[in-house]
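Colleague: Starting off with a structure, shown below.
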Amino acid sequence: MVNDRYRLGDVIGTGGMSEVYVANDSLLGRDVAIKMLRPEMARDVNFRERFRKEAQNSGRLNHPNIVAVYDTGEAEDDGMAIPYIVMELVHGRTLRDLVREDGPLSPREAAEVLVPVAHALQASHEAGIIHRDVKPANIMITNTGQVKVMDFGIARALDDSTSAMTQTSAVIGTAQYLSPEQAQGKPADARSDVYALGCVLYEAVTGHAPFEGETPFAVAYQHVQEEPTAPSESLNPDSMSPTERVNLDAVVLTSMAKDPSDRYQSAQEFGADLERMSTGNVTRAAQMHIDDDEPSAHSQPEDTTRVAALHPATTTMEPQPAAAAGVPVADPGVDSDEYDDDDHKSRPWMKWIAIILAIVLAAVLIGFGFDYWNTSRERQAEQEQQQEEQANMVTVPDVENRPRGDVLAELEDLELLVTVNEEANPDIARDNAIRINPAPGSQLQRNSTVILTVSSGREVTDVPDVVGLSLEEASRALSDAGLHMADAVEEEESSSQNTGLVTQQNPAAGSQLSRGSRVTVTVGTGPRMVRIPSNLVGQDIESVRSTLDSMGLNVEVDSVDSTETDGQVLSVSDEGSQVPVDSTVTVQVSNGQLIVAPDLTRKTQSDAERALRDAGWSGSFNVGQPVDTGAAVDNDLIAWSEVKAGDSIRRNQDIDIRLWEFEIGELLRTN
């Protein structure tokens with residue numbers, strides 16, 4: 001027992017500084033989770049302070065996607081105070097376990113799971129708290145599909161940047177999800193949680209972290225210095241459409257930008273793009289990514305490298321006019337008279353060399369010029385083609401709940417080819433559009449094919465009986481009937497046999513609903529447990545009965561012989577233990593039929609009877625054969641009794657006795 005209230009059970013989680021136990025709150029009768037600081041850590045004042053901060057920070061947050069904190073305190077262990085935090089007990093799996101056991105999620109599934117995480121982080125940031133350790137192991141998906149963020153163990157209040165504890169713990173967190181500023185020891189802000197959530201999204205769809213290394217230092221170095229590989233490169237290209245691929249890469253790389261100013265500036269902004277990604281719409285990050293990649297239609301091509309290479313050739317390779325004509329050029333400092341006619345006639349090869357060089361130079365210049373002109377034409381043609389393709393692109397319109405005829409007319413005006421499918425829908429009227437693929441906002445070339453899904457109206461189906469099934473079995477049965485289970489699963493107390501099973505459903509089994517409708521189910525949480533008080537013995541039976549009745553327990557009275565007062569409680573079954581409500585408790589009650597016998601020997605029969613009557617005796621004596629005695633003073637006194645002093649006897653019990661009788665012969669024998 002912790003603090004005389006919480007009964008600890010099994011360990012359900014361990015960490016570097018604490019252990020988490022399942023426990024039962026005996027005061028409120030509910031199961032909880034208790035995180036306790038490890039004893040070796042409790043000796044360090046810094047760890048105790050961090051643990052206190054966690055309780056304080058978590059207690060300030062109240063959000064459906066954040067694990068709730070109920071209580072905090074300290075437990076004594078060998079003379080040392082061990083801090084603990086009492087939290088909501090969540091049944092489910094962490095995102096880390098989900099990916100490891102079931103494999104990576106699709107981009108849409110991952111986005112759908114992380115949208116509530118972004119909402120939880122936004123609520124935390126608005127409360128002035130940054131998490132600083134967002135990772136798959138701290139994201140729990142419950143058995144009912146709800147997402148919970150937990151473990152604010154190293155969270156820091158935004159206004160707490162000057163505390164000594166924070167300064168000594170500046171670089172804290174899991175290396176695989178550490179933002180560059182945290183890895184460099186710089187202050188973390190809300191955008192650091194955005195970066196970590198981007199790393200979580202990367203791992204959820206690829207199955208591995210964006211950066212991996214042999215040591216945490218090596219991983220942290222990569223976060224600071226290296227750009228992550230686009231997540232789509234790790235996936236099968238046939239498993240995603242172009243829009244999904246661009247969405248995934250743009251959202252992940254935007255959230256993981258090295259410079260915080262280049263990321264999403266809030267978890268809310270990140271969550272909005274995750275919602276668009278989960279529904280197949282083009283994200284804001286993808287739109288910016290596409291805009292950045294498109295070349296400007298008005299830019300003029302210019303090969304600056306080629307031009308730079310061309311100009312030196314024209315200045316250094318052009319021959320002097322005299323040399324080009326075959327006339328020798330006099331070397332400065334050499335007397336021209338030294339060149340006589342014989343020497344001039346003996347060097348005709350110089351003229352041919354000059355001519356050949358001039359022809360080669362001219363050919364080179366012509367080649368460079370043609371190549372430059374041809375490249376310019378090709379680039380201009382590419383730009384014109386891109387402009388033509390851009391002019392040929394159309395945007396897929398929003399079609400939800402619009403009349404079929406209006407949508408088809410608009411799509412035909414956009415010169416798109418339409419394939420129409422019909423699907424039953426309880427919320428959208430017949431012949432109104434449900435959705436379009438590719439999603440609204442997508443850019444397509446004219447004459448591309450789109451698939452339009454149109455409502456065929458309400459299709460009625462029978463509601464199956466799911467009472468007595470588990471949530472998974474009930475969801476499968478409803479799905480087979482074309483129905484869905486409501487997102488909000490209600491809970492109620494039940495028998496221990498119905499724990500975790502559906503106890504009620506609405507509408508009832510056999511009712512008729514439109515296909516696609518939702519059915520609300522109620523799940524049994526087991527019986528409510530109560531603790532039988534340990535101070536009932538010695539009280540009056542009516543007082544004890546009133547106490548146990550108020551706790552919802554059934555009382556069975558067992559009357560037993562006892563020397564205690566009539567109606568006094570002698571024992572209570574399962575005293576001090578927890579039992580389910582409506583349990584039967586056996587109470588042993590004294591009937592007052594026993595008395596404590598006094599010492600009857602050497603009393604006259606009348607004195608003995610008076611003593612017994614005073615004790616509440618109502619029986620009678622059975623006087624047996626007398627006992628001979630030589631002492632005259634003992635005559636008519638009780639010599640023997642079947643009841644000894646201190647014996648417990650019934651009030652109406654008959655008692656056998658024998659009296660002394662004086663005999664002179666016995667006196668003589670004695671002498």
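Lettering and numbering for the structure tokens are positional, with chains as A, B, ... in the shown order, residues counted from 1 in each chain, and ligands counted from 1 in the shown order.
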Please identify the helix (DSSP H, G or I) residues within range 245-286 of chain A (assignment by DSSP from backbone atoms) and present them as a VMD selection string.
Modeller: chain A and resid 245 to 255 260 to 262 267 to 278 284 to 286
Colleague: Write out as an mmCIF file with C-alpha atoms, in the first residue's frame each polymer residue whose atoms come within 9 Å of range 180-192 of chain A, counting only C-alpha atoms; drop sequence neighbours fewer than 3 positions from it.
Modeller:
data_model
loop_
_atom_site.group_PDB
_atom_site.id
_atom_site.type_symbol
_atom_site.label_atom_id
_atom_site.label_comp_id
_atom_site.auth_asym_id
_atom_site.auth_seq_id
_atom_site.Cartn_x
_atom_site.Cartn_y
_atom_site.Cartn_z
ATOM 1 C CA LEU A 121 1.027 19.457 -28.118
ATOM 2 C CA GLN A 122 -0.786 22.647 -29.134
ATOM 3 C CA HIS A 125 2.206 24.866 -25.724
ATOM 4 C CA ILE A 129 4.752 23.827 -21.531
ATOM 5 C CA ILE A 130 6.971 22.163 -24.151
ATOM 6 C CA HIS A 131 7.276 18.377 -24.057
ATOM 7 C CA ARG A 132 10.907 18.008 -25.265
ATOM 8 C CA ARG A 156 9.835 22.505 -19.320
ATOM 9 C CA LEU A 158 8.405 28.254 -21.298
ATOM 10 C CA SER A 161 14.482 28.933 -18.793
ATOM 11 C CA ALA A 170 19.639 21.488 -21.504
ATOM 12 C CA VAL A 171 20.489 18.543 -23.746
ATOM 13 C CA ILE A 172 17.875 16.002 -22.689
ATOM 14 C CA GLY A 173 15.722 13.756 -24.845
ATOM 15 C CA ALA A 175 18.654 11.223 -29.762
ATOM 16 C CA TYR A 195 10.625 18.769 -35.266
ATOM 17 C CA ALA A 196 10.354 15.702 -33.019
ATOM 18 C CA LEU A 197 6.821 15.001 -34.257
ATOM 19 C CA PHE A 217 26.335 11.640 -30.232
ATOM 20 C CA ALA A 220 22.731 14.162 -32.698
ATOM 21 C CA TYR A 221 25.507 15.267 -35.078
ATOM 22 C CA GLN A 222 23.410 14.161 -38.063
ATOM 23 C CA HIS A 223 20.432 16.146 -36.783
ATOM 24 C CA VAL A 224 22.606 19.270 -36.808
ATOM 25 C CA GLN A 225 24.662 18.742 -39.991
ATOM 26 C CA SER A 255 8.598 19.848 -40.013
ATOM 27 C CA LYS A 258 17.146 22.709 -39.538
ATOM 28 C CA ASP A 259 16.202 26.357 -38.992
ATOM 29 C CA PRO A 260 13.152 26.608 -36.667
ATOM 30 C CA SER A 261 11.863 29.565 -38.711
ATOM 31 C CA ARG A 263 9.372 24.715 -39.945
ATOM 32 C CA TYR A 264 5.695 24.812 -39.121
ATOM 33 C CA GLN A 265 5.501 27.611 -36.594
ATOM 34 C CA SER A 266 3.037 25.804 -34.322
ATOM 35 C CA ALA A 267 1.720 22.329 -33.628
#
Colleague: Between A:Met485, A:Ile139, A:Ile12, A:Ala250, which one has atoms that come closest to Phe152 in chain A, using only C-alpha atoms?
Modeller: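 Ranking A:Met485, A:Ile139, A:Ile12, A:Ala250 by distance to Phe152 in chain A, first place goes to A:Ile139.
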Colleague: Name the closest residue to Met240 in chain A among the candidates A:Leu469, A:Ile356, A:Ser106, A:Ile649; distances are taken between atoms, counting only C-alpha atoms.
Modeller: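 Of all the options, A:Ser106 lies closest to Met240 in chain A.
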